[in-house]
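These notes are about the structure you will find just below.
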Amino acid sequence: MSAVWRASRAAVRRRRLQTSVIGAVVLVSSMALVVALGLLDVASGPFDRLFGQARGAHVVATFDAAKVSGAQLARTAHRPGVRAWAGPFPEAVVDLPQNAASEMPGMGPGPLTVVGRAQPGGPVDRLDLFAGHWATGRDQIVLALPDAPGMGNGPYSPIGKRIQLPGLAPMTVVGLASSVSGSAQAWVSPQQIAALHPTTYQMLYRFDQAATARQITADTAAATAGLPSGSLLADQSYLTLKAQVAAQPNAFVPFLMAFGILGLLVAVLIVGNVVSGAVVSGFRHIGVLKSLGFTPNQVVAVYLVMVCVPAAAGSAVGTALGAAVARPLLHQVFNGADLAMVNVTPTIGSWVYASTALGMPAVVVLAALIPALRAHRLSAARAISAGSAPAGGRGLAVQRWLSGVRLPRSVSLGLGLPCARPGRALLTVSAVLLGVATVTFATGLSATMISYGDAVEGAGRTQVIVWRGEARFGQTVPRHGDAATQTLLRRLPHAADVSAVGYANVRLLGKSQDVAIEGDRGGRSALQDDLARGRWMRGSDEVVASGRFLAKYGLRLGDSFVLAAANGRQERVTLVGEAMSGPSDWMRADWATVTALTPGAQANQYWVRLTPGSDVGAYMKAVRAVDPGLHPDAKTSVNAGAVTVISSATVLTVMLSVVAAMGVFNTVVLSARERRRDLGMLKSIGMTPRQVTVMMVVSMAGLGLLGGLLGLPLGVAAYRVVVRMTERSAHLAFPDRMLDVWHPGSMALQALAGVAIAALGAVIPARAAARQTIARVLHTE
């Protein structure tokens, strides 16, 4: 074994180019795989672990207390399929006033779902009471807040503060807890809940079979069978919560996995090409090894170890770099994600690093095994006598045909060179093909994300946002009323359109979480560009919501549901449109819908679109001059997610293109070494160094053009698959206009990218071969 190691180490040192190519391509592939697998791991792993530890509820069901009794609900726990249960818990929805919400960090005014529960533990949905104690006496309450720094016992802790709810004595916050099931926003003792006048019951179920939405639906139907009609108001599946937590990171997983797979395929092709070339050009070396006593298996081992050394180094460095890149990317991806309710800390599991660091060298060895077996079959005498593998006669026939074509001789010879080694030519075409597919895929993805980011952020539609000052924030109150302010802003110079925007906190009847409803008054046509499917609102009973909202509440276009405000008002609305993006607790409605739920509601901001070429600064100065209580702010933000996708795709595309060019570089070097005698003879009969360079570059450019033409449909197909996967996994929606990114001019340029990759990789070794003198070349032969 020591002899194999010494021979392999010598081969690694002697073949520095091949060693560098293998190490580089494995490094790039390892980086992409670590980031993609890491995102996939943190998107679901922590939730599953915490959900199991807390015995989270597979279904949180809400029942109408006027139609079903607690005793009837208790009997549902003994239905077939129910593994564990908790409840029934009385549930009330109260109004949290603005003054009380301002004292509670992380909570806003509006409906507050409160559940009467005797203890935080139990067989289902064990609450994480991370600060204070449980509410056991009267006028005590526990709030559902995230375990954030400073929240439990720090300066932002609400423990000890008193909440004044309408019609009740002040309640003291005695504890903070979080529920992995998202079952409530606050808890009180069973004795205290009666004072809040509960109207519903809450039941928490765990089922024997709950892996799919179909199983959960069937189990819920079986558990609630026989109850009075209409008594089940709502049921929330844990799969919805899990998808909600994973939606934001899952937006990045498909395209990163695509780059990882493309990089892996490029690695396999280049490694096969490198080892095949090493075997072909090293027949004499193989013969010497066998004549010294190396067995055929040991010779194969020499070549496998030769590629395994740079592969192991590349995978180790790539895994480390991938871990370093993944940390800031995870922070960006999870910033603003719905993780607070489950206290998920995004950390990558050790299996990701282990599988990448060990798996990539294994894949490389498997890729090298087939060409290395060629060395196994060679006899020592034949290998030594041949010196290198003889070129086949297939290239001569093609070159004779090309000689009759009206092309410069250097060009016709170059086009015929790859035919002498069809296997190597096929591997080179495949590497360039994948490089072009990567460029095509990244170009389409970037075009879609640029369009998406501009639409979501309102680029070109909203240049200025004007805020109304509020006394509770120590700001100057505007002199003009809501409607008058909108009219005033419209009359200012260079204002093309002004839309008034206001918000109200409501909830879907039967759900515990608050929902922010955004009302738009005027300027509605300027806000329709972010509509992906369906249509815009036409009346007070219609709403538009994001895909994440639809996924969270299990809704589809055309469904109707009831919105309930804290003041008791209710409105039935129909979902008529799906926005491209947005939070899972947000919807947009006509202004009449907002005022129907919260009479007297006023807009607190105005979105201003200016005429083309207007000075944003001058308009903002004019706003401050007409009313000091108005606070204009230039709309300059960009979509962080789109920027992350575009920048990551650009970096990975450049890296994979360079790696593909390195594969071409290696092919030209091998061809130049094999054809030293041919090149010397051509130069001896008058071929200039420039013509030799052209011949070698053209030989690869032809393969590059073929790879470009074949890579285009593969890149387009990868783009369409990844975009659709992103829509499903991240609950986004791209309108058809954003997917129309392919045009004849851009497609032609991308096809020529194969030629550019091949020429870039060929020009340096071609020039090096052209500089060899005739005497030196023929002397070595």
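For the structure tokens, the naming scheme is as follows: chains receive sequential letters (A, B, ...) according to their order of presentation, residues are indexed from 1 within each chain, and ligands are indexed from 1 in presentation order.
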
Do you know which residues are at most 6 Å from Gly314 in chain A counting only C-alpha atoms, after dropping those on the same chain fewer than 4 positions away, and could you put them as a tab-separated table (two decimals) with N, CA and C atoms, in the first residue's frame?
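Contents of selection.tsv, freshly written:
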chain	number	residue	atom	x	y	z
A	23	GLY	N	-9.77	19.76	-7.79
A	23	GLY	CA	-9.98	20.44	-6.52
A	23	GLY	C	-10.94	21.62	-6.65
A	26	VAL	N	-14.69	20.42	-7.33
A	26	VAL	CA	-15.27	19.82	-6.13
A	26	VAL	C	-15.52	20.89	-5.07
A	27	LEU	N	-14.65	21.87	-4.97
A	27	LEU	CA	-14.83	22.96	-4.01
A	27	LEU	C	-16.13	23.72	-4.30
A	310	PRO	N	-7.01	15.50	-4.39
A	310	PRO	CA	-7.56	16.85	-4.59
A	310	PRO	C	-9.06	16.93	-4.31
A	318	GLY	N	-14.33	23.39	0.48
A	318	GLY	CA	-15.65	23.81	0.04
A	318	GLY	C	-16.69	23.71	1.14

Close residues, range 352-356 of chain A itself excluded, 12 Å, only C-alpha atoms, min 3 positions apart in chain, as an NGL selection string: :A and (26-42 or 45 or 260 or 264 or 311-312 or 314-324 or 326 or 347-349 or 359-363)

Using only C-alpha atoms, which protein or nucleic acid residues come within 9 Å of range 232-235 of chain A? Drop anything in the same chain fewer than 4 positions from it, and give the result as an mmCIF file with N, CA, C and O atoms, in the first residue's frame.
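Contents of selection.cif, as written:
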data_model
loop_
_atom_site.group_PDB
_atom_site.id
_atom_site.type_symbol
_atom_site.label_atom_id
_atom_site.label_comp_id
_atom_site.auth_asym_id
_atom_site.auth_seq_id
_atom_site.Cartn_x
_atom_site.Cartn_y
_atom_site.Cartn_z
ATOM 1 N N VAL A 59 -53.933 19.085 15.441
ATOM 2 C CA VAL A 59 -55.049 19.944 15.055
ATOM 3 C C VAL A 59 -55.487 20.758 16.265
ATOM 4 O O VAL A 59 -55.646 20.219 17.367
ATOM 5 N N VAL A 60 -55.646 22.062 16.063
ATOM 6 C CA VAL A 60 -56.256 22.951 17.050
ATOM 7 C C VAL A 60 -57.654 23.262 16.535
ATOM 8 O O VAL A 60 -57.815 23.944 15.515
ATOM 9 N N ALA A 61 -58.674 22.740 17.211
ATOM 10 C CA ALA A 61 -60.058 22.870 16.746
ATOM 11 C C ALA A 61 -60.821 23.858 17.631
ATOM 12 O O ALA A 61 -60.673 23.848 18.853
ATOM 13 N N THR A 62 -61.625 24.698 16.987
ATOM 14 C CA THR A 62 -62.443 25.695 17.686
ATOM 15 C C THR A 62 -63.916 25.361 17.460
ATOM 16 O O THR A 62 -64.350 25.199 16.308
ATOM 17 N N PHE A 63 -64.686 25.281 18.558
ATOM 18 C CA PHE A 63 -66.094 24.896 18.495
ATOM 19 C C PHE A 63 -66.972 26.015 19.064
ATOM 20 O O PHE A 63 -66.555 26.748 19.972
ATOM 21 N N ASP A 64 -68.175 26.112 18.513
ATOM 22 C CA ASP A 64 -69.157 27.104 18.968
ATOM 23 C C ASP A 64 -69.776 26.622 20.276
ATOM 24 O O ASP A 64 -70.443 25.581 20.318
ATOM 25 N N VAL A 68 -72.503 23.274 21.108
ATOM 26 C CA VAL A 68 -71.955 22.028 21.629
ATOM 27 C C VAL A 68 -71.492 22.266 23.051
ATOM 28 O O VAL A 68 -71.041 23.362 23.403
ATOM 29 N N THR A 200 -66.497 30.281 22.674
ATOM 30 C CA THR A 200 -66.045 29.098 21.941
ATOM 31 C C THR A 200 -65.262 28.186 22.879
ATOM 32 O O THR A 200 -64.833 28.587 23.962
ATOM 33 N N THR A 220 -59.730 14.361 11.673
ATOM 34 C CA THR A 220 -60.562 15.420 12.251
ATOM 35 C C THR A 220 -62.037 15.139 12.017
ATOM 36 O O THR A 220 -62.878 15.322 12.914
ATOM 37 N N THR A 224 -64.824 14.455 15.060
ATOM 38 C CA THR A 224 -65.950 15.375 15.266
ATOM 39 C C THR A 224 -67.253 14.835 14.708
ATOM 40 O O THR A 224 -68.261 15.551 14.704
ATOM 41 N N LEU A 227 -71.235 15.413 16.103
ATOM 42 C CA LEU A 227 -71.475 16.687 16.790
ATOM 43 C C LEU A 227 -72.511 17.486 16.011
ATOM 44 O O LEU A 227 -72.703 17.281 14.803
ATOM 45 N N PRO A 228 -73.184 18.418 16.668
ATOM 46 C CA PRO A 228 -74.196 19.232 15.975
ATOM 47 C C PRO A 228 -73.618 19.933 14.753
ATOM 48 O O PRO A 228 -72.464 20.356 14.747
ATOM 49 N N LEU A 509 -63.024 34.414 11.629
ATOM 50 C CA LEU A 509 -63.888 33.805 12.626
ATOM 51 C C LEU A 509 -63.456 32.359 12.869
ATOM 52 O O LEU A 509 -63.339 31.561 11.951
ATOM 53 N N GLY A 510 -63.164 32.043 14.126
ATOM 54 C CA GLY A 510 -62.735 30.711 14.498
ATOM 55 C C GLY A 510 -61.235 30.544 14.572
ATOM 56 O O GLY A 510 -60.761 29.488 14.969
ATOM 57 N N LYS A 511 -60.460 31.572 14.208
ATOM 58 C CA LYS A 511 -59.009 31.515 14.270
ATOM 59 C C LYS A 511 -58.525 32.389 15.425
ATOM 60 O O LYS A 511 -59.155 33.382 15.784
#

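In terms of minimum interatomic distance to Val498 in chain A, A:Tyr606 ranks closest within A:Tyr606, A:Ala545, A:Thr650, A:Leu760, counting only C-alpha atoms.
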
Might you pull out every residue within 10 Å of range 127-140 of chain A, with only C-alpha atoms counted and same-chain residues fewer than 6 positions away left off, and present them as a short mmCIF file (atom, residue, chain, number, x, y, z; two decimals) with all heavy atoms, in the first residue's frame?
data_model
loop_
_atom_site.label_atom_id
_atom_site.label_comp_id
_atom_site.auth_asym_id
_atom_site.auth_seq_id
_atom_site.Cartn_x
_atom_site.Cartn_y
_atom_site.Cartn_z
N ALA A 54 -42.54 19.16 22.60
CA ALA A 54 -43.67 19.83 23.25
C ALA A 54 -44.99 19.10 23.02
O ALA A 54 -46.03 19.57 23.49
CB ALA A 54 -43.79 21.25 22.71
N ARG A 55 -44.93 17.95 22.34
CA ARG A 55 -46.15 17.20 22.03
C ARG A 55 -47.20 18.15 21.44
O ARG A 55 -48.32 18.27 21.94
CB ARG A 55 -46.69 16.48 23.27
CG ARG A 55 -45.73 15.43 23.82
CD ARG A 55 -46.37 14.64 24.95
NE ARG A 55 -47.53 13.88 24.51
CZ ARG A 55 -47.48 12.72 23.88
NH1 ARG A 55 -46.31 12.17 23.60
NH2 ARG A 55 -48.58 12.09 23.53
N GLY A 56 -46.77 18.82 20.37
CA GLY A 56 -47.66 19.79 19.73
C GLY A 56 -48.92 19.15 19.20
O GLY A 56 -48.99 17.95 18.92
N GLY A 116 -58.75 29.77 28.68
CA GLY A 116 -58.71 29.41 30.09
C GLY A 116 -58.08 28.04 30.27
O GLY A 116 -58.64 27.02 29.84
N ARG A 117 -56.92 27.99 30.92
CA ARG A 117 -56.15 26.74 31.03
C ARG A 117 -55.54 26.66 32.42
O ARG A 117 -54.96 27.63 32.91
CB ARG A 117 -55.08 26.71 29.95
CG ARG A 117 -54.32 25.41 29.82
CD ARG A 117 -53.57 25.36 28.52
NE ARG A 117 -52.65 24.22 28.45
CZ ARG A 117 -51.99 23.84 27.37
NH1 ARG A 117 -52.16 24.51 26.24
NH2 ARG A 117 -51.16 22.80 27.40
N ALA A 118 -55.62 25.49 33.06
CA ALA A 118 -55.20 25.36 34.45
C ALA A 118 -53.70 25.27 34.60
O ALA A 118 -53.16 25.65 35.65
CB ALA A 118 -55.87 24.13 35.08
N GLN A 119 -52.99 24.75 33.62
CA GLN A 119 -51.54 24.57 33.74
C GLN A 119 -50.91 24.59 32.36
O GLN A 119 -51.57 24.31 31.36
CB GLN A 119 -51.22 23.25 34.43
CG GLN A 119 -51.78 22.03 33.71
CD GLN A 119 -51.47 20.74 34.43
OE1 GLN A 119 -50.77 20.74 35.44
NE2 GLN A 119 -51.98 19.63 33.93
N PRO A 120 -49.60 24.89 32.28
CA PRO A 120 -48.96 24.94 30.96
C PRO A 120 -48.65 23.57 30.38
O PRO A 120 -48.49 23.44 29.17
CB PRO A 120 -47.68 25.73 31.23
CG PRO A 120 -47.38 25.48 32.68
CD PRO A 120 -48.72 25.36 33.35
N GLY A 121 -48.52 22.54 31.23
CA GLY A 121 -48.20 21.21 30.75
C GLY A 121 -49.44 20.46 30.33
O GLY A 121 -50.52 21.02 30.15
N PRO A 146 -42.46 35.68 22.04
CA PRO A 146 -41.24 34.91 21.75
C PRO A 146 -40.21 35.09 22.85
O PRO A 146 -40.15 36.12 23.52
CB PRO A 146 -40.76 35.50 20.43
CG PRO A 146 -41.29 36.90 20.43
CD PRO A 146 -42.63 36.83 21.12
N ASP A 147 -39.38 34.07 23.02
CA ASP A 147 -38.30 34.12 24.02
C ASP A 147 -37.13 34.88 23.42
O ASP A 147 -36.06 34.32 23.14
CB ASP A 147 -37.90 32.69 24.41
CG ASP A 147 -36.90 32.69 25.57
OD1 ASP A 147 -36.63 33.77 26.13
OD2 ASP A 147 -36.40 31.61 25.92
N MET A 151 -36.61 39.92 26.70
CA MET A 151 -38.05 39.83 26.82
C MET A 151 -38.45 39.20 28.16
O MET A 151 -39.37 39.68 28.83
CB MET A 151 -38.64 39.01 25.68
CG MET A 151 -40.17 38.93 25.68
SD MET A 151 -40.95 40.52 25.37
CE MET A 151 -40.60 40.71 23.62
N GLY A 152 -37.75 38.13 28.58
CA GLY A 152 -38.16 37.44 29.79
C GLY A 152 -37.91 38.23 31.06
O GLY A 152 -38.84 38.51 31.83
N ASN A 153 -36.65 38.60 31.29
CA ASN A 153 -36.30 39.30 32.53
C ASN A 153 -35.54 40.59 32.27
O ASN A 153 -35.00 41.19 33.19
CB ASN A 153 -35.44 38.39 33.42
CG ASN A 153 -36.19 37.12 33.81
OD1 ASN A 153 -37.29 37.18 34.34
ND2 ASN A 153 -35.58 35.96 33.53
N SER A 157 -39.21 43.37 29.34
CA SER A 157 -40.14 42.39 29.89
C SER A 157 -41.44 43.06 30.36
O SER A 157 -41.41 44.05 31.10
CB SER A 157 -39.50 41.65 31.07
OG SER A 157 -40.44 40.77 31.65
N ILE A 159 -43.58 41.55 32.31
CA ILE A 159 -44.01 40.93 33.55
C ILE A 159 -44.15 41.99 34.64
O ILE A 159 -43.27 42.82 34.85
CB ILE A 159 -43.01 39.83 33.98
CG1 ILE A 159 -43.05 38.67 32.99
CG2 ILE A 159 -43.32 39.33 35.39
CD1 ILE A 159 -42.11 37.54 33.32
N GLY A 160 -45.28 41.93 35.34
CA GLY A 160 -45.58 42.90 36.38
C GLY A 160 -46.43 44.06 35.91
O GLY A 160 -47.01 44.78 36.73
N ARG A 162 -49.67 45.95 34.11
CA ARG A 162 -51.10 45.71 34.22
C ARG A 162 -51.79 46.09 32.91
O ARG A 162 -51.48 47.12 32.31
CB ARG A 162 -51.70 46.49 35.39
CG ARG A 162 -51.11 46.05 36.73
CD ARG A 162 -51.60 46.92 37.89
NE ARG A 162 -53.00 46.72 38.20
CZ ARG A 162 -53.48 45.71 38.91
NH1 ARG A 162 -52.64 44.79 39.39
NH2 ARG A 162 -54.75 45.59 39.17
N ILE A 163 -52.71 45.22 32.49
CA ILE A 163 -53.46 45.42 31.26
C ILE A 163 -54.90 45.76 31.62
O ILE A 163 -55.55 45.04 32.39
CB ILE A 163 -53.43 44.15 30.37
CG1 ILE A 163 -52.01 43.82 29.95
CG2 ILE A 163 -54.31 44.35 29.14
CD1 ILE A 163 -51.91 42.57 29.11
N LEU A 168 -63.38 45.21 32.42
CA LEU A 168 -62.80 44.29 33.39
C LEU A 168 -61.84 45.03 34.31
O LEU A 168 -61.36 46.13 34.00
CB LEU A 168 -62.03 43.16 32.67
CG LEU A 168 -62.83 42.25 31.75
CD1 LEU A 168 -61.89 41.31 31.02
CD2 LEU A 168 -63.86 41.45 32.54
N ALA A 169 -61.58 44.41 35.45
CA ALA A 169 -60.57 44.96 36.35
C ALA A 169 -59.20 44.78 35.71
O ALA A 169 -58.98 43.86 34.92
CB ALA A 169 -60.63 44.24 37.69
N PRO A 170 -58.23 45.65 36.05
CA PRO A 170 -56.89 45.51 35.48
C PRO A 170 -56.31 44.13 35.78
O PRO A 170 -56.47 43.58 36.87
CB PRO A 170 -56.10 46.62 36.18
CG PRO A 170 -57.13 47.62 36.59
CD PRO A 170 -58.35 46.83 36.94
N MET A 171 -55.63 43.55 34.77
CA MET A 171 -55.03 42.23 34.89
C MET A 171 -53.51 42.37 34.88
O MET A 171 -52.94 43.14 34.10
CB MET A 171 -55.48 41.30 33.77
CG MET A 171 -56.99 41.18 33.67
SD MET A 171 -57.51 39.99 32.39
CE MET A 171 -57.00 38.47 33.17
N THR A 172 -52.84 41.60 35.74
CA THR A 172 -51.39 41.67 35.86
C THR A 172 -50.75 40.56 35.04
O THR A 172 -51.16 39.40 35.10
CB THR A 172 -50.96 41.52 37.32
OG1 THR A 172 -51.60 42.55 38.11
CG2 THR A 172 -49.45 41.64 37.45
N VAL A 173 -49.73 40.93 34.26
CA VAL A 173 -48.97 39.94 33.48
C VAL A 173 -48.02 39.23 34.45
O VAL A 173 -47.12 39.83 35.02
CB VAL A 173 -48.18 40.61 32.35
CG1 VAL A 173 -47.36 39.56 31.60
CG2 VAL A 173 -49.10 41.34 31.40
N VAL A 174 -48.24 37.92 34.63
CA VAL A 174 -47.43 37.16 35.58
C VAL A 174 -46.48 36.17 34.90
O VAL A 174 -45.62 35.59 35.57
CB VAL A 174 -48.33 36.40 36.58
CG1 VAL A 174 -49.14 37.37 37.41
CG2 VAL A 174 -49.24 35.41 35.83
N GLY A 175 -46.64 35.96 33.59
CA GLY A 175 -45.78 35.00 32.91
C GLY A 175 -45.78 35.20 31.41
O GLY A 175 -46.68 35.85 30.85
N LEU A 176 -44.75 34.65 30.79
CA LEU A 176 -44.63 34.66 29.33
C LEU A 176 -44.41 33.22 28.86
O LEU A 176 -43.62 32.49 29.45
CB LEU A 176 -43.44 35.53 28.89
CG LEU A 176 -43.44 36.99 29.35
CD1 LEU A 176 -42.18 37.70 28.88
CD2 LEU A 176 -44.67 37.72 28.83
N ALA A 177 -45.11 32.84 27.83
CA ALA A 177 -45.03 31.47 27.33
C ALA A 177 -45.13 31.47 25.82
O ALA A 177 -45.58 32.45 25.20
CB ALA A 177 -46.14 30.60 27.94
N SER A 178 -44.71 30.37 25.21
CA SER A 178 -44.85 30.20 23.76
C SER A 178 -45.43 28.82 23.50
O SER A 178 -45.17 27.87 24.23
CB SER A 178 -43.50 30.36 23.05
OG SER A 178 -42.59 29.37 23.49
N SER A 179 -46.21 28.75 22.43
CA SER A 179 -46.86 27.50 22.05
C SER A 179 -46.39 27.09 20.68
O SER A 179 -46.48 27.86 19.72
CB SER A 179 -48.38 27.67 22.05
OG SER A 179 -49.02 26.60 21.38
N VAL A 180 -45.86 25.88 20.56
CA VAL A 180 -45.42 25.38 19.26
C VAL A 180 -46.60 25.18 18.33
O VAL A 180 -46.45 25.14 17.12
CB VAL A 180 -44.62 24.08 19.44
CG1 VAL A 180 -45.53 22.92 19.79
CG2 VAL A 180 -43.81 23.77 18.19
N SER A 181 -47.81 25.07 18.90
CA SER A 181 -49.02 24.89 18.10
C SER A 181 -49.70 26.19 17.75
O SER A 181 -50.65 26.20 16.97
CB SER A 181 -50.02 24.00 18.86
OG SER A 181 -49.43 22.79 19.25
N GLY A 182 -49.22 27.33 18.31
CA GLY A 182 -49.86 28.61 18.06
C GLY A 182 -51.31 28.61 18.49
O GLY A 182 -52.18 29.12 17.79
N SER A 183 -51.59 28.03 19.68
CA SER A 183 -52.98 27.80 20.08
C SER A 183 -53.68 29.02 20.66
O SER A 183 -54.91 29.05 20.69
CB SER A 183 -53.03 26.67 21.11
OG SER A 183 -52.18 26.94 22.21
N TRP A 187 -53.26 33.36 28.09
CA TRP A 187 -53.95 32.35 28.89
C TRP A 187 -54.25 32.93 30.26
O TRP A 187 -53.48 33.74 30.82
CB TRP A 187 -53.07 31.11 29.08
CG TRP A 187 -52.76 30.38 27.80
CD1 TRP A 187 -53.48 29.40 27.22
CD2 TRP A 187 -51.62 30.59 26.96
NE1 TRP A 187 -52.87 28.97 26.07
CE2 TRP A 187 -51.72 29.69 25.88
CE3 TRP A 187 -50.51 31.46 27.01
CZ2 TRP A 187 -50.78 29.63 24.86
CZ3 TRP A 187 -49.57 31.40 25.99
CH2 TRP A 187 -49.71 30.49 24.94
N VAL A 188 -55.39 32.50 30.81
CA VAL A 188 -55.78 32.83 32.17
C VAL A 188 -56.24 31.55 32.85
O VAL A 188 -56.35 30.50 32.22
CB VAL A 188 -56.91 33.90 32.20
CG1 VAL A 188 -56.44 35.21 31.58
CG2 VAL A 188 -58.16 33.39 31.46
N SER A 189 -56.54 31.64 34.14
CA SER A 189 -57.03 30.47 34.87
C SER A 189 -58.46 30.17 34.46
O SER A 189 -59.18 31.04 33.96
CB SER A 189 -56.95 30.74 36.37
OG SER A 189 -57.86 31.78 36.72
N PRO A 190 -58.90 28.92 34.64
CA PRO A 190 -60.29 28.58 34.29
C PRO A 190 -61.30 29.43 35.05
O PRO A 190 -62.40 29.69 34.54
CB PRO A 190 -60.40 27.11 34.69
CG PRO A 190 -58.99 26.59 34.59
CD PRO A 190 -58.13 27.73 35.03
N GLN A 191 -60.97 29.87 36.28
CA GLN A 191 -61.90 30.72 37.03
C GLN A 191 -61.99 32.12 36.42
O GLN A 191 -63.06 32.74 36.42
CB GLN A 191 -61.46 30.82 38.50
CG GLN A 191 -61.44 29.51 39.26
CD GLN A 191 -60.24 28.64 38.94
OE1 GLN A 191 -59.23 29.13 38.43
NE2 GLN A 191 -60.35 27.33 39.20
N GLN A 192 -60.87 32.61 35.90
CA GLN A 192 -60.86 33.97 35.37
C GLN A 192 -61.52 34.06 34.00
O GLN A 192 -62.09 35.10 33.65
CB GLN A 192 -59.40 34.45 35.25
CG GLN A 192 -59.22 35.85 34.67
CD GLN A 192 -59.78 36.94 35.57
OE1 GLN A 192 -59.63 36.86 36.78
NE2 GLN A 192 -60.42 37.93 34.99
N ILE A 193 -61.51 32.99 33.21
CA ILE A 193 -62.02 33.05 31.86
C ILE A 193 -63.51 33.36 31.82
O ILE A 193 -64.01 33.96 30.85
CB ILE A 193 -61.73 31.73 31.11
CG1 ILE A 193 -61.99 31.89 29.59
CG2 ILE A 193 -62.56 30.59 31.67
CD1 ILE A 193 -61.02 32.81 28.92
N ALA A 195 -65.09 35.60 33.41
CA ALA A 195 -65.30 37.04 33.37
C ALA A 195 -65.09 37.62 31.98
O ALA A 195 -65.52 38.76 31.71
CB ALA A 195 -64.36 37.73 34.37
N VAL A 342 -42.37 29.48 17.56
CA VAL A 342 -41.79 28.19 17.89
C VAL A 342 -40.36 28.30 18.39
O VAL A 342 -39.72 27.30 18.67
CB VAL A 342 -41.84 27.25 16.66
CG1 VAL A 342 -43.26 26.94 16.28
CG2 VAL A 342 -41.10 27.86 15.48
N ASN A 343 -39.84 29.51 18.50
CA ASN A 343 -38.49 29.74 19.03
C ASN A 343 -37.44 28.91 18.28
O ASN A 343 -36.60 28.25 18.88
CB ASN A 343 -38.43 29.42 20.53
CG ASN A 343 -39.26 30.38 21.35
OD1 ASN A 343 -39.40 31.55 21.00
ND2 ASN A 343 -39.84 29.88 22.42
#

Sel. of alpha helix (DSSP H) residues, range 103-243 of chain A, as a list in words: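 Taking range 103-243 of chain A and keeping alpha helix (DSSP H) only, one gets Pro190, Gln191, Gln192, Ile193, Ala213, Arg214, Gln215, Ile216, Thr217, Ala218, Asp219, Thr220, Ala221, Ala222, Ala223, Tyr238, Leu239, Thr240, Leu241, Lys242 and Ala243 of chain A.
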
Restrict the selected residues to C-alpha atoms and save them as a PDB file, in the first residue's frame.
ATOM      1  CA  PRO A 190     -60.289  28.581  34.295  1.00  0.00           C
ATOM      2  CA  GLN A 191     -61.899  30.719  37.034  1.00  0.00           C
ATOM      3  CA  GLN A 192     -60.858  33.969  35.366  1.00  0.00           C
ATOM      4  CA  ILE A 193     -62.023  33.049  31.856  1.00  0.00           C
ATOM      5  CA  ALA A 213     -53.056  16.708   5.041  1.00  0.00           C
ATOM      6  CA  ARG A 214     -55.426  13.965   3.839  1.00  0.00           C
ATOM      7  CA  GLN A 215     -54.835  11.915   7.009  1.00  0.00           C
ATOM      8  CA  ILE A 216     -55.390  14.938   9.240  1.00  0.00           C
ATOM      9  CA  THR A 217     -58.608  15.842   7.435  1.00  0.00           C
ATOM     10  CA  ALA A 218     -59.908  12.281   7.785  1.00  0.00           C
ATOM     11  CA  ASP A 219     -58.918  12.075  11.477  1.00  0.00           C
ATOM     12  CA  THR A 220     -60.562  15.420  12.251  1.00  0.00           C
ATOM     13  CA  ALA A 221     -63.764  14.353  10.506  1.00  0.00           C
ATOM     14  CA  ALA A 222     -63.794  11.070  12.440  1.00  0.00           C
ATOM     15  CA  ALA A 223     -63.187  12.808  15.788  1.00  0.00           C
ATOM     16  CA  TYR A 238     -49.781  21.659  12.306  1.00  0.00           C
ATOM     17  CA  LEU A 239     -48.699  21.083   8.692  1.00  0.00           C
ATOM     18  CA  THR A 240     -49.901  24.585   7.881  1.00  0.00           C
ATOM     19  CA  LEU A 241     -47.791  26.012  10.698  1.00  0.00           C
ATOM     20  CA  LYS A 242     -44.785  23.962   9.600  1.00  0.00           C
ATOM     21  CA  ALA A 243     -45.131  25.183   6.008  1.00  0.00           C
TER      22      ALA A 243
END

Residue contacts of range 69-85 of chain A (7 Å, only C-alpha atoms) excluding same-chain residues fewer than 3 positions away, as a list in words: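 Everything that qualifies: Ala65, Pro88, Pro123, Val124, Leu204, Tyr205, Arg206, Phe207, Asp208, Asp219, Ala223 and Thr224 of chain A.
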
Interatomic distance, CA of Tyr303 in chain A to CA of Val429 in chain A (Å, one decimal): 23.7 Å

Nearest-residue call for Val698 in chain A, choices A:Ile646, A:Val268, A:Val305, A:Val411, using only C-alpha atoms: A:Val411

Close residues, Pro612 in chain A itself excluded, 10 Å, only C-alpha atoms, min 3 positions apart in chain, as a list in words: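 Contacts, with the query itself left out: Gly460, His494, Ala495, Ala496, Arg609 and Asp615 of chain A.
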
Members of range 509-610 of chain A assigned strand (DSSP E or B) by DSSP, as a ChimeraX atom specification: /A:515-521,531-534,542-546,560-564,570-579,586-590,605-610

Minimum-distance residue to Gly519 in chain A, chosen among A:Ala718, A:Ile757, A:Ala603, A:Leu358 (using only C-alpha atoms):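 Nearest candidate to Gly519 in chain A out of A:Ala718, A:Ile757, A:Ala603, A:Leu358: A:Ala603.
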
Straight-line distance linking CA of Ser430 in chain A with CA of Val664 in chain A, stated in Å to one decimal: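 Pair CA of Ser430 in chain A / CA of Val664 in chain A returns 10.7 Å.
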
Contact residues around Ala92 in chain A with only C-alpha atoms at 10 Å, ignoring same-chain residues under 2 positions, as a list in words: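 So the residues in contact are Phe89, Pro90, Val94, Pro111, Leu112, Thr113, Val114, Val115, Gly116, Ile193, Ala194, Ala195, Leu196, His197, Pro198, Thr199, Thr200, Tyr201, Gln202 and Ser512 of chain A.
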